[in-house]
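For reference, final_32.txt is printed below; it contains compact mmCIF, C-alpha atoms (C1' of nucleotides).
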# COMPACT_ATOMS: atom_id res chain seq x y z
CA MET D 1 35.39 80.84 41.99
CA LYS D 2 38.18 82.07 44.19
CA LYS D 3 39.47 80.02 47.07
CA PRO D 4 38.51 81.13 50.54
CA SER D 5 41.09 83.08 52.51
CA ASP D 6 42.59 81.57 55.63
CA THR D 7 40.55 84.01 57.63
CA VAL D 8 37.34 82.81 56.06
CA VAL D 9 38.25 79.22 56.66
CA ARG D 10 39.08 79.87 60.27
CA ALA D 11 35.90 81.88 60.73
CA TRP D 12 33.93 78.98 59.31
CA ALA D 13 35.55 76.54 61.65
CA ARG D 14 34.81 78.75 64.61
CA LEU D 15 31.29 79.38 63.45
CA THR D 16 30.66 75.68 63.46
CA LYS D 17 32.35 75.11 66.76
CA ALA D 18 30.55 77.93 68.51
CA GLN D 19 27.21 76.90 67.16
CA HIS D 20 27.81 73.31 68.12
CA LEU D 21 28.79 74.19 71.66
CA ALA D 22 25.85 76.48 72.15
CA LEU D 23 23.42 74.05 70.59
CA THR D 24 24.63 71.22 72.77
CA ALA D 25 24.27 73.40 75.84
CA VAL D 26 20.73 74.35 74.90
CA GLU D 27 19.65 70.81 74.18
CA GLN D 28 21.15 69.56 77.37
CA ALA D 29 19.50 72.25 79.42
CA LEU D 30 16.13 71.47 77.89
CA LYS D 31 16.50 67.77 78.43
CA GLN D 32 17.58 68.29 81.99
CA ALA D 33 14.47 70.36 82.59
CA ASP D 34 12.33 67.60 81.08
CA LEU D 35 11.35 69.74 78.18
CA PRO D 36 11.16 68.92 74.47
CA PRO D 37 14.09 69.51 72.11
CA LEU D 38 14.90 72.84 70.55
CA SER D 39 13.27 72.07 67.21
CA TRP D 40 9.94 71.86 68.98
CA TYR D 41 10.50 75.32 70.34
CA ASP D 42 11.22 76.74 66.93
CA ALA D 43 8.12 75.20 65.47
CA LEU D 44 5.91 76.25 68.35
CA LEU D 45 7.25 79.78 68.24
CA GLU D 46 6.45 80.19 64.56
CA LEU D 47 3.02 78.75 65.07
CA GLU D 48 2.29 80.92 68.05
CA ARG D 49 3.30 83.99 66.09
CA VAL D 50 0.74 83.40 63.38
CA GLY D 51 -1.96 82.47 65.85
CA GLU D 52 -5.27 80.78 65.05
CA GLU D 53 -4.54 81.13 61.38
CA GLY D 54 -1.90 78.42 61.56
CA LEU D 55 0.71 77.55 58.99
CA ARG D 56 0.89 75.15 56.13
CA PRO D 57 3.57 72.50 56.57
CA PHE D 58 5.51 73.76 53.60
CA GLU D 59 5.59 77.24 55.09
CA LEU D 60 6.93 75.98 58.37
CA GLU D 61 9.37 73.87 56.44
CA ARG D 62 10.85 76.94 54.80
CA GLU D 63 10.94 78.97 57.99
CA MET D 64 12.81 76.25 59.76
CA LEU D 65 15.08 75.20 56.93
CA LEU D 66 13.98 71.63 57.34
CA ALA D 67 13.65 68.92 54.75
CA GLN D 68 10.07 68.10 53.92
CA TYR D 69 10.07 64.60 55.35
CA ASN D 70 11.79 65.91 58.38
CA LEU D 71 9.14 68.47 59.08
CA SER D 72 6.41 65.96 58.44
CA ARG D 73 7.77 63.79 61.18
CA LEU D 74 8.51 66.61 63.54
CA VAL D 75 4.86 67.61 63.30
CA ASP D 76 3.86 63.99 63.89
CA ARG D 77 5.72 64.01 67.15
CA ILE D 78 4.54 67.40 68.32
CA GLU D 79 0.99 66.55 67.41
CA LYS D 80 1.17 63.29 69.29
CA ALA D 81 2.23 65.26 72.34
CA GLY D 82 -0.85 67.41 71.88
CA TYR D 83 0.97 70.68 71.27
CA VAL D 84 -0.33 71.27 67.78
CA GLU D 85 -3.36 70.29 65.76
CA ARG D 86 -3.49 69.35 62.11
CA ARG D 87 -6.54 70.78 60.41
CA THR D 88 -7.64 70.08 56.89
CA CYS D 89 -6.99 72.97 54.60
CA GLU D 90 -10.07 74.53 53.05
CA ASP D 91 -8.28 76.04 50.09
CA ASP D 92 -6.18 73.08 49.09
CA GLY D 93 -7.32 69.49 49.24
CA ARG D 94 -3.78 68.17 49.43
CA GLY D 95 -2.76 70.37 52.26
CA GLN D 96 -3.40 70.97 55.89
CA VAL D 97 -2.98 73.72 58.41
CA ILE D 98 -1.05 73.34 61.60
CA VAL D 99 -2.27 75.25 64.60
CA ILE D 100 -0.75 75.47 68.04
CA THR D 101 -2.86 74.38 71.02
CA ALA D 102 -3.15 75.98 74.42
CA THR D 103 -0.91 73.31 75.87
CA GLY D 104 1.55 74.01 73.11
CA LYS D 105 1.67 77.67 73.99
CA ASP D 106 2.20 76.81 77.58
CA VAL D 107 5.06 74.46 76.86
CA ARG D 108 6.71 77.01 74.64
CA ARG D 109 6.50 79.55 77.39
CA ARG D 110 8.04 77.19 79.87
CA MET D 111 10.85 76.37 77.49
CA TRP D 112 11.91 79.93 77.01
CA PRO D 113 13.65 80.67 80.31
CA VAL D 114 15.68 77.49 80.04
CA TYR D 115 16.57 78.25 76.47
CA ALA D 116 17.40 81.86 77.27
CA ARG D 117 19.64 80.90 80.14
CA ALA D 118 21.62 78.57 77.91
CA ILE D 119 22.05 81.23 75.23
CA GLN D 120 23.15 83.75 77.78
CA SER D 121 25.72 81.49 79.30
CA THR D 122 27.21 80.31 76.02
CA ILE D 123 26.95 83.50 73.98
CA GLY D 124 25.83 86.54 75.91
CA GLY D 125 28.13 85.94 78.82
CA GLN D 126 31.18 85.45 76.63
CA ILE D 127 31.17 88.58 74.51
CA SER D 128 30.33 92.22 75.06
CA GLU D 129 27.07 93.74 73.94
CA LYS D 130 29.00 95.69 71.38
CA GLN D 131 30.54 92.51 70.01
CA ALA D 132 27.15 90.87 69.94
CA GLU D 133 25.86 93.73 67.82
CA THR D 134 28.72 93.38 65.40
CA LEU D 135 28.34 89.63 65.25
CA ASP D 136 24.65 89.99 64.59
CA ALA D 137 25.26 92.55 61.88
CA ILE D 138 27.87 90.51 60.07
CA LEU D 139 25.79 87.37 60.19
CA GLY D 140 22.89 89.44 58.99
CA SER D 141 24.74 90.49 55.89
CA LEU D 142 26.03 86.98 55.44
CA LEU D 143 22.48 85.70 55.42
CA ALA D 144 21.02 88.52 53.39
CA THR D 145 22.23 87.18 50.08
CA SER D 146 22.53 83.50 50.77
CA ALA D 147 18.93 83.27 51.88
CA ALA D 148 17.98 83.70 48.26
CA LYS D 149 19.92 80.61 47.33
CA THR D 150 17.65 78.16 49.07
CA THR D 151 15.88 77.44 45.79
CA PRO D 152 18.57 77.01 43.17
CA MET G 1 22.19 84.81 85.57
CA LYS G 2 20.98 87.70 83.49
CA LYS G 3 18.68 87.19 80.55
CA PRO G 4 20.22 87.52 77.12
CA SER G 5 19.66 90.80 75.30
CA ASP G 6 17.59 90.85 72.15
CA THR G 7 20.77 91.37 70.21
CA VAL G 8 22.30 88.25 71.67
CA VAL G 9 19.21 86.24 70.91
CA ARG G 10 19.11 87.46 67.36
CA ALA G 11 22.81 86.81 66.93
CA TRP G 12 22.29 83.28 68.19
CA ALA G 13 19.47 82.69 65.75
CA ARG G 14 21.56 83.94 62.89
CA LEU G 15 24.56 81.98 64.01
CA THR G 16 22.53 78.83 63.82
CA LYS G 17 20.95 79.71 60.53
CA ALA G 18 24.22 80.66 58.87
CA GLN G 19 25.96 77.58 60.11
CA HIS G 20 23.10 75.39 59.00
CA LEU G 21 23.03 76.84 55.52
CA ALA G 22 26.76 76.57 55.08
CA LEU G 23 26.90 73.07 56.49
CA THR G 24 24.14 71.89 54.21
CA ALA G 25 25.92 73.39 51.24
CA VAL G 26 29.16 71.66 52.15
CA GLU G 27 27.56 68.29 52.70
CA GLN G 28 25.66 68.52 49.48
CA ALA G 29 28.73 69.47 47.53
CA LEU G 30 30.66 66.55 48.97
CA LYS G 31 27.90 64.11 48.27
CA GLN G 32 27.52 65.37 44.77
CA ALA G 33 31.23 64.83 44.21
CA ASP G 34 30.91 61.29 45.55
CA LEU G 35 33.04 62.07 48.53
CA PRO G 36 32.56 61.18 52.19
CA PRO G 37 30.75 63.49 54.62
CA LEU G 38 32.37 66.41 56.34
CA SER G 39 32.98 64.62 59.61
CA TRP G 40 35.33 62.29 57.79
CA TYR G 41 37.28 65.26 56.58
CA ASP G 42 37.64 66.66 60.06
CA ALA G 43 38.87 63.37 61.41
CA LEU G 44 41.25 62.77 58.53
CA LEU G 45 42.67 66.26 58.82
CA GLU G 46 43.45 65.88 62.49
CA LEU G 47 45.01 62.53 61.87
CA GLU G 48 47.06 63.77 58.98
CA ARG G 49 48.37 66.62 61.07
CA VAL G 50 49.81 64.33 63.70
CA GLY G 51 51.22 61.92 61.14
CA GLU G 52 52.50 58.43 61.82
CA GLU G 53 52.12 59.05 65.52
CA GLY G 54 48.37 58.82 65.28
CA LEU G 55 45.81 59.84 67.84
CA ARG G 56 44.02 58.08 70.63
CA PRO G 57 40.27 57.95 70.11
CA PHE G 58 39.63 60.09 73.14
CA GLU G 59 41.94 62.76 71.79
CA LEU G 60 40.14 62.85 68.49
CA GLU G 61 36.91 62.87 70.38
CA ARG G 62 37.84 66.08 72.16
CA GLU G 63 39.20 67.74 69.06
CA MET G 64 36.01 67.07 67.22
CA LEU G 65 33.57 67.71 70.05
CA LEU G 66 31.99 64.35 69.45
CA ALA G 67 30.39 62.04 71.92
CA GLN G 68 32.46 58.99 72.69
CA TYR G 69 30.13 56.45 71.11
CA ASN G 70 29.78 58.68 68.18
CA LEU G 71 33.46 58.83 67.54
CA SER G 72 33.80 55.12 68.01
CA ARG G 73 31.36 54.55 65.22
CA LEU G 74 32.76 57.22 62.99
CA VAL G 75 36.13 55.49 63.21
CA ASP G 76 34.43 52.18 62.47
CA ARG G 77 33.12 53.58 59.23
CA ILE G 78 36.28 55.33 58.19
CA GLU G 79 38.32 52.28 59.00
CA LYS G 80 36.00 50.07 56.99
CA ALA G 81 36.62 52.37 54.04
CA GLY G 82 40.34 51.85 54.55
CA TYR G 83 41.20 55.45 55.30
CA VAL G 84 42.49 54.86 58.80
CA GLU G 85 44.02 52.02 60.73
CA ARG G 86 43.43 51.08 64.35
CA ARG G 87 46.61 50.02 66.06
CA THR G 88 46.89 48.63 69.52
CA CYS G 89 48.35 51.10 71.93
CA GLU G 90 51.66 50.15 73.52
CA ASP G 91 51.32 52.37 76.53
CA ASP G 92 47.77 51.57 77.47
CA GLY G 93 46.17 48.17 77.24
CA ARG G 94 42.66 49.60 77.05
CA GLY G 95 43.41 51.96 74.27
CA GLN G 96 44.37 52.11 70.67
CA VAL G 97 45.93 54.49 68.25
CA ILE G 98 44.31 55.65 65.06
CA VAL G 99 46.55 56.34 62.11
CA ILE G 100 45.63 57.70 58.71
CA THR G 101 46.51 55.58 55.66
CA ALA G 102 47.87 56.71 52.33
CA THR G 103 44.42 56.32 50.80
CA GLY G 104 43.05 58.37 53.63
CA LYS G 105 45.44 61.19 52.90
CA ASP G 106 44.53 61.05 49.28
CA VAL G 107 40.83 61.25 49.94
CA ARG G 108 41.29 64.13 52.31
CA ARG G 109 43.21 65.99 49.67
CA ARG G 110 40.52 65.39 47.11
CA MET G 111 37.85 66.59 49.50
CA TRP G 112 39.47 69.91 50.17
CA PRO G 113 38.75 71.77 46.92
CA VAL G 114 35.11 70.79 47.08
CA TYR G 115 34.90 71.80 50.70
CA ALA G 116 36.75 75.05 50.08
CA ARG G 117 34.51 75.99 47.22
CA ALA G 118 31.42 75.51 49.36
CA ILE G 119 32.86 77.63 52.17
CA GLN G 120 33.80 80.34 49.76
CA SER G 121 30.39 80.49 48.19
CA THR G 122 28.44 80.49 51.44
CA ILE G 123 30.76 82.57 53.61
CA GLY G 124 33.67 84.14 51.81
CA GLY G 125 31.61 85.36 48.93
CA GLN G 126 29.00 86.97 51.16
CA ILE G 127 31.08 89.17 53.40
CA SER G 128 34.18 91.31 53.02
CA GLU G 129 37.59 90.17 54.14
CA LYS G 130 37.43 92.79 56.85
CA GLN G 131 34.12 91.43 58.08
CA ALA G 132 35.50 87.93 58.01
CA GLU G 133 38.35 89.06 60.24
CA THR G 134 35.95 90.63 62.69
CA LEU G 135 33.70 87.60 62.65
CA ASP G 136 36.66 85.35 63.26
CA ALA G 137 37.89 87.52 66.11
CA ILE G 138 34.54 87.69 67.86
CA LEU G 139 33.96 83.98 67.55
CA GLY G 140 37.47 83.48 68.80
CA SER G 141 36.76 85.37 71.99
CA LEU G 142 33.42 83.63 72.28
CA LEU G 143 35.16 80.29 72.18
CA ALA G 144 38.12 81.27 74.33
CA THR G 145 36.27 80.93 77.60
CA SER G 146 33.56 78.47 76.74
CA ALA G 147 36.05 75.91 75.56
CA ALA G 148 36.95 75.36 79.19
CA LYS G 149 33.41 74.36 80.02
CA THR G 150 33.42 71.13 78.07
CA THR G 151 34.12 69.15 81.24
CA PRO G 152 31.69 70.37 83.86
C1' DT J 1 -11.98 68.36 28.93
C1' DC J 2 -8.47 65.81 30.22
C1' DA J 3 -3.58 64.27 30.07
C1' DA J 4 0.98 65.78 31.60
C1' DG J 5 3.37 67.82 34.97
C1' DC J 6 3.90 70.17 39.38
C1' DT J 7 3.11 70.72 44.39
C1' DT J 8 1.91 68.96 48.90
C1' DG J 9 2.57 65.74 52.28
C1' DA J 10 3.47 60.82 53.91
C1' DT J 11 6.17 56.65 54.35
C1' DG J 12 9.39 52.29 53.84
C1' DC J 13 13.92 51.50 54.49
C1' DA J 14 18.78 52.43 55.51
C1' DA J 15 22.15 55.20 57.97
C1' DT J 16 23.25 57.93 61.82
C1' DT J 17 22.76 59.62 66.51
C1' DG J 18 21.60 59.36 71.41
C1' DC J 19 21.32 56.78 75.65
C1' DA J 20 22.55 53.46 78.82
C1' DT J 21 25.40 49.90 79.91
C1' DT J 22 29.26 46.84 79.61
C1' DG J 23 34.01 44.94 79.49
C1' DA J 24 38.53 45.69 80.16
C1' DT J 25 42.55 47.92 82.02
C1' DA J 26 44.85 51.62 84.69
C1' DG J 27 45.96 54.02 88.86
C1' DG J 28 45.64 55.14 93.57
C1' DC J 29 45.18 53.80 98.37
C1' DT J 30 45.69 50.85 102.35
C1' DA F 1 49.28 42.49 96.87
C1' DG F 2 44.22 43.51 96.91
C1' DC F 3 40.47 46.51 96.43
C1' DC F 4 38.14 50.58 94.78
C1' DT F 5 37.37 54.04 91.59
C1' DA F 6 38.25 56.20 87.16
C1' DT F 7 39.18 55.97 82.28
C1' DC F 8 38.94 53.99 77.58
C1' DA F 9 36.36 52.02 74.12
C1' DA F 10 32.47 49.19 72.22
C1' DT F 11 27.66 47.94 71.71
C1' DG F 12 22.41 46.85 72.12
C1' DC F 13 18.52 49.33 71.54
C1' DA F 14 15.52 53.36 70.62
C1' DA F 15 14.92 57.75 68.31
C1' DT F 16 16.01 60.68 64.55
C1' DT F 17 17.55 61.79 59.93
C1' DG F 18 18.34 61.02 55.03
C1' DC F 19 16.89 59.07 50.71
C1' DA F 20 13.80 57.57 47.44
C1' DT F 21 9.33 57.05 46.25
C1' DC F 22 4.45 57.39 46.38
C1' DA F 23 -0.44 59.00 46.52
C1' DA F 24 -3.44 62.65 45.96
C1' DG F 25 -4.87 66.99 44.42
C1' DC F 26 -3.88 71.19 41.87
C1' DT F 27 -2.61 73.65 37.29
C1' DT F 28 -1.78 74.26 32.69
C1' DG F 29 -2.45 74.06 28.09
C1' DA F 30 -3.62 71.74 23.73
Would you mind giving the structure from this file in structure tokens?
Amino acid sequence: MKKPSDTVVRAWARLTKAQHLALTAVEQALKQADLPPLSWYDALLELERVGEEGLRPFELEREMLLAQYNLSRLVDRIEKAGYVERRTCEDDGRGQVIVITATGKDVRRRMWPVYARAIQSTIGGQISEKQAETLDAILGSLLATSAAKTTP
Amino acid sequence: MKKPSDTVVRAWARLTKAQHLALTAVEQALKQADLPPLSWYDALLELERVGEEGLRPFELEREMLLAQYNLSRLVDRIEKAGYVERRTCEDDGRGQVIVITATGKDVRRRMWPVYARAIQSTIGGQISEKQAETLDAILGSLLATSAAKTTP
DNA sequence: TCAAGCTTGATGCAATTGCATTGATAGGCT
DNA sequence: AGCCTATCAATGCAATTGCATCAAGCTTGA
């Protein structure tokens, strides 16, 4: 395994820094608007996408790149807030199905503008559309192969 | 404030995902090698750079984008491990100066190859050098302006 | 069939992070 | 000097995350 070039190392450092700044901005904006944290949004979005069907915890876990115990507890919290429902799974006695509620959909919708504004001000506003396209493309190819490595 | 374009939103999502994957890989690699977490590396590196002079906690705090209480406790832990020393600050009775120890330098040096390998396999190995340069440049311009917004 | 092993999901406990507040000193202003 | 505000750092407490393990149900294969 070759050592990373200086460019790669610097890109990594900046990747982390940029993500950290943007993330902090998003979380702060949400909190300030009395809305749940970003992870709730991610979960609710996935669940809204699949609709009444719902998702199994382990599916959501993989979508969100979360550790199993971490997802389990995230769902606990969101359920307690009434934004999702845990239903017993017909096909698998061990499992369950998580379904978003009407309130959950509503909250997700209310989160979006706040979230969007924070993204725009930390990312969109700082680079050109052209740069955003390039950034997106490069990160896309970066993820294309490494996504397969989640199960080594 | 305009809404972010779809491209920006997707770039943001990928930014987060890529960073998360790489970070996880790095942390895992360090743990597996029985080495301290990445945040220790960052702190030790900054402290090694400035040498005997040391850094004030608040300086390190800004370098690392950490919350004040968070840095305070990080230093607690690193100090307890014997990798840094807290000295009383001559110039400012409230403050202190943090200086890396010889052991600290040694640990930092031993962390680097593990860290580097993880970066290479999650970033360097996935994209071309040319792409890495572009990525670095775009993130650089992204950070150029937003860095100023840390103190609103 | 049924034991061995795998998958799904939860949970006790420790470590870390976030939040709010505090204690102490510095620096400016009158 | 004396007071007021700002800065520097620590800390009590709650929430979250990480780690290890567990219980329960599925699957496989002799």
Excluding range 70-80 of chain G and its own-chain neighbours fewer than 5 positions away, which residues fall within 12 Å of it when counting all atoms listed in the file? Please give them as a short mmCIF file (atom, residue, chain, number, x, y, z; two decimals) with C-alpha atoms (C1' of nucleotides), keeping the file's coordinate frame.
data_model
loop_
_atom_site.label_atom_id
_atom_site.label_comp_id
_atom_site.auth_asym_id
_atom_site.auth_seq_id
_atom_site.Cartn_x
_atom_site.Cartn_y
_atom_site.Cartn_z
CA PRO G 36 32.56 61.18 52.19
CA PRO G 37 30.75 63.49 54.62
CA LEU G 38 32.37 66.41 56.34
CA SER G 39 32.98 64.62 59.61
CA TRP G 40 35.33 62.29 57.79
CA TYR G 41 37.28 65.26 56.58
CA ASP G 42 37.64 66.66 60.06
CA ALA G 43 38.87 63.37 61.41
CA LEU G 44 41.25 62.77 58.53
CA LEU G 47 45.01 62.53 61.87
CA LEU G 55 45.81 59.84 67.84
CA ARG G 56 44.02 58.08 70.63
CA PRO G 57 40.27 57.95 70.11
CA PHE G 58 39.63 60.09 73.14
CA GLU G 59 41.94 62.76 71.79
CA LEU G 60 40.14 62.85 68.49
CA GLU G 61 36.91 62.87 70.38
CA ARG G 62 37.84 66.08 72.16
CA GLU G 63 39.20 67.74 69.06
CA MET G 64 36.01 67.07 67.22
CA LEU G 65 33.57 67.71 70.05
CA GLU G 85 44.02 52.02 60.73
CA ARG G 86 43.43 51.08 64.35
CA ARG G 87 46.61 50.02 66.06
CA GLY G 95 43.41 51.96 74.27
CA GLN G 96 44.37 52.11 70.67
CA VAL G 97 45.93 54.49 68.25
CA ILE G 98 44.31 55.65 65.06
CA VAL G 99 46.55 56.34 62.11
CA ILE G 100 45.63 57.70 58.71
CA THR G 101 46.51 55.58 55.66
CA THR G 103 44.42 56.32 50.80
CA GLY G 104 43.05 58.37 53.63
CA VAL G 107 40.83 61.25 49.94
CA ARG G 108 41.29 64.13 52.31
"C1'" DA J 15 22.15 55.20 57.97
"C1'" DT J 16 23.25 57.93 61.82
"C1'" DT J 17 22.76 59.62 66.51
"C1'" DG J 18 21.60 59.36 71.41
"C1'" DC J 19 21.32 56.78 75.65
"C1'" DC F 8 38.94 53.99 77.58
"C1'" DA F 9 36.36 52.02 74.12
"C1'" DA F 10 32.47 49.19 72.22
"C1'" DT F 11 27.66 47.94 71.71
#
Could you fit chain G onto chain D by least squares over every C-alpha atom, paired in order, and give me the moved chain as a compact mmCIF listing (two decimals) with C-alpha atoms, keeping the file's coordinate frame?
# COMPACT_ATOMS: atom_id res chain seq x y z
CA MET G 1 35.31 80.85 42.01
CA LYS G 2 38.12 82.07 44.19
CA LYS G 3 39.42 80.01 47.06
CA PRO G 4 38.45 81.14 50.53
CA SER G 5 41.04 83.09 52.49
CA ASP G 6 42.55 81.59 55.60
CA THR G 7 40.52 84.03 57.62
CA VAL G 8 37.31 82.83 56.05
CA VAL G 9 38.23 79.23 56.66
CA ARG G 10 39.06 79.90 60.26
CA ALA G 11 35.89 81.90 60.73
CA TRP G 12 33.91 79.00 59.30
CA ALA G 13 35.55 76.55 61.66
CA ARG G 14 34.81 78.75 64.61
CA LEU G 15 31.29 79.38 63.46
CA THR G 16 30.66 75.69 63.47
CA LYS G 17 32.36 75.12 66.77
CA ALA G 18 30.56 77.95 68.53
CA GLN G 19 27.22 76.91 67.18
CA HIS G 20 27.84 73.32 68.14
CA LEU G 21 28.81 74.18 71.68
CA ALA G 22 25.87 76.48 72.18
CA LEU G 23 23.43 74.06 70.61
CA THR G 24 24.63 71.22 72.79
CA ALA G 25 24.28 73.39 75.85
CA VAL G 26 20.73 74.34 74.93
CA GLU G 27 19.65 70.81 74.20
CA GLN G 28 21.15 69.55 77.39
CA ALA G 29 19.50 72.23 79.43
CA LEU G 30 16.13 71.44 77.90
CA LYS G 31 16.51 67.75 78.44
CA GLN G 32 17.58 68.27 81.98
CA ALA G 33 14.47 70.35 82.59
CA ASP G 34 12.34 67.58 81.08
CA LEU G 35 11.34 69.73 78.18
CA PRO G 36 11.16 68.92 74.48
CA PRO G 37 14.09 69.51 72.12
CA LEU G 38 14.89 72.83 70.56
CA SER G 39 13.29 72.07 67.23
CA TRP G 40 9.95 71.86 68.98
CA TYR G 41 10.50 75.30 70.36
CA ASP G 42 11.23 76.74 66.96
CA ALA G 43 8.13 75.20 65.48
CA LEU G 44 5.92 76.24 68.38
CA LEU G 45 7.23 79.78 68.27
CA GLU G 46 6.46 80.19 64.60
CA LEU G 47 3.04 78.75 65.10
CA GLU G 48 2.31 80.91 68.08
CA ARG G 49 3.30 83.99 66.14
CA VAL G 50 0.74 83.39 63.44
CA GLY G 51 -1.97 82.45 65.91
CA GLU G 52 -5.25 80.77 65.10
CA GLU G 53 -4.49 81.14 61.43
CA GLY G 54 -1.89 78.43 61.59
CA LEU G 55 0.73 77.58 59.03
CA ARG G 56 0.92 75.20 56.13
CA PRO G 57 3.59 72.55 56.58
CA PHE G 58 5.55 73.83 53.63
CA GLU G 59 5.63 77.30 55.14
CA LEU G 60 6.96 76.00 58.41
CA GLU G 61 9.39 73.92 56.46
CA ARG G 62 10.90 76.99 54.85
CA GLU G 63 10.96 78.99 58.04
CA MET G 64 12.83 76.27 59.79
CA LEU G 65 15.11 75.22 56.95
CA LEU G 66 14.00 71.65 57.37
CA ALA G 67 13.67 68.98 54.77
CA GLN G 68 10.10 68.17 53.90
CA TYR G 69 10.08 64.65 55.32
CA ASN G 70 11.79 65.92 58.34
CA LEU G 71 9.16 68.49 59.06
CA SER G 72 6.42 66.00 58.43
CA ARG G 73 7.79 63.81 61.14
CA LEU G 74 8.52 66.62 63.52
CA VAL G 75 4.87 67.63 63.28
CA ASP G 76 3.88 64.01 63.84
CA ARG G 77 5.73 64.01 67.12
CA ILE G 78 4.57 67.39 68.29
CA GLU G 79 1.02 66.55 67.38
CA LYS G 80 1.20 63.27 69.25
CA ALA G 81 2.25 65.25 72.31
CA GLY G 82 -0.84 67.39 71.84
CA TYR G 83 0.97 70.66 71.27
CA VAL G 84 -0.33 71.26 67.77
CA GLU G 85 -3.34 70.28 65.75
CA ARG G 86 -3.48 69.36 62.08
CA ARG G 87 -6.51 70.80 60.38
CA THR G 88 -7.60 70.12 56.87
CA CYS G 89 -6.97 73.03 54.60
CA GLU G 90 -10.02 74.64 53.03
CA ASP G 91 -8.22 76.18 50.11
CA ASP G 92 -6.13 73.24 49.07
CA GLY G 93 -7.24 69.65 49.12
CA ARG G 94 -3.69 68.32 49.31
CA GLY G 95 -2.70 70.44 52.21
CA GLN G 96 -3.37 71.04 55.83
CA VAL G 97 -2.96 73.73 58.38
CA ILE G 98 -1.03 73.35 61.59
CA VAL G 99 -2.27 75.23 64.61
CA ILE G 100 -0.73 75.46 68.05
CA THR G 101 -2.86 74.35 71.02
CA ALA G 102 -3.16 75.95 74.42
CA THR G 103 -0.90 73.27 75.87
CA GLY G 104 1.54 73.98 73.11
CA LYS G 105 1.67 77.64 74.00
CA ASP G 106 2.18 76.76 77.60
CA VAL G 107 5.06 74.44 76.88
CA ARG G 108 6.70 76.98 74.65
CA ARG G 109 6.50 79.53 77.41
CA ARG G 110 8.04 77.16 79.89
CA MET G 111 10.86 76.35 77.50
CA TRP G 112 11.91 79.92 77.01
CA PRO G 113 13.64 80.65 80.33
CA VAL G 114 15.67 77.48 80.06
CA TYR G 115 16.57 78.25 76.49
CA ALA G 116 17.38 81.87 77.28
CA ARG G 117 19.62 80.92 80.14
CA ALA G 118 21.62 78.58 77.93
CA ILE G 119 22.03 81.24 75.24
CA GLN G 120 23.12 83.76 77.79
CA SER G 121 25.72 81.50 79.30
CA THR G 122 27.21 80.33 76.02
CA ILE G 123 26.94 83.53 73.99
CA GLY G 124 25.82 86.57 75.91
CA GLY G 125 28.11 85.94 78.80
CA GLN G 126 31.16 85.47 76.60
CA ILE G 127 31.15 88.60 74.50
CA SER G 128 30.30 92.25 75.03
CA GLU G 129 27.03 93.76 73.92
CA LYS G 130 28.96 95.71 71.33
CA GLN G 131 30.51 92.53 69.98
CA ALA G 132 27.13 90.87 69.92
CA GLU G 133 25.82 93.73 67.79
CA THR G 134 28.69 93.38 65.37
CA LEU G 135 28.31 89.63 65.24
CA ASP G 136 24.62 89.99 64.58
CA ALA G 137 25.22 92.55 61.85
CA ILE G 138 27.84 90.50 60.05
CA LEU G 139 25.76 87.36 60.18
CA GLY G 140 22.85 89.41 58.98
CA SER G 141 24.70 90.47 55.86
CA LEU G 142 26.00 86.95 55.43
CA LEU G 143 22.46 85.66 55.42
CA ALA G 144 20.97 88.48 53.37
CA THR G 145 22.17 87.13 50.05
CA SER G 146 22.49 83.45 50.75
CA ALA G 147 18.91 83.19 51.86
CA ALA G 148 17.93 83.55 48.23
CA LYS G 149 19.89 80.47 47.29
CA THR G 150 17.67 78.00 49.09
CA THR G 151 15.87 77.16 45.85
CA PRO G 152 18.53 76.54 43.24
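Of the residues under consideration (F:DC4, F:DA30, F:DA24, F:DC19), F:DA24 shows the shortest atom-to-atom contact distance to DT7 in chain J when counting all atoms listed in the file.
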Contact residues around Trp12 in chain D with only C-alpha atoms (C1' of nucleotides) at 9 Å, ignoring same-chain residues under 2 positions, as a list in words:
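Residues meeting the cut-off are Thr7, Val8, Val9, Arg10, Arg14, Leu15, Thr16 and Lys17 of chain D; Gln19, Ala22, Ile119, Ile123 and Asp136 of chain G.
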What does the distance from C1' of DG9 in chain J to C1' of DC26 in chain F come to in Å, to one decimal?
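Going from C1' of DG9 in chain J over to C1' of DC26 in chain F, I get 13.4 Å.
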Taking a cut-off of 8 Å and counting all atoms listed in the file, can you build a table that, for each residue of chain J near chain G, reports the nearest atom pair and how far apart they are in Å (one decimal), sorted by chain then residue number, as CSV?
residue,atom,partner,partner_atom,distance
J:DT17,C1',G:Asn70,CA,7.3
J:DA24,C1',G:Arg94,CA,6.5
J:DT25,C1',G:Arg94,CA,5.2
J:DA26,C1',G:Asp92,CA,7.8
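The part of chain F that reaches within 12 Å of chain D is made up of DA15, DT16, DT17, DG18, DC19, DA20, DT21, DA23, DA24, DG25 and DC26 of chain F, counting all atoms listed in the file.
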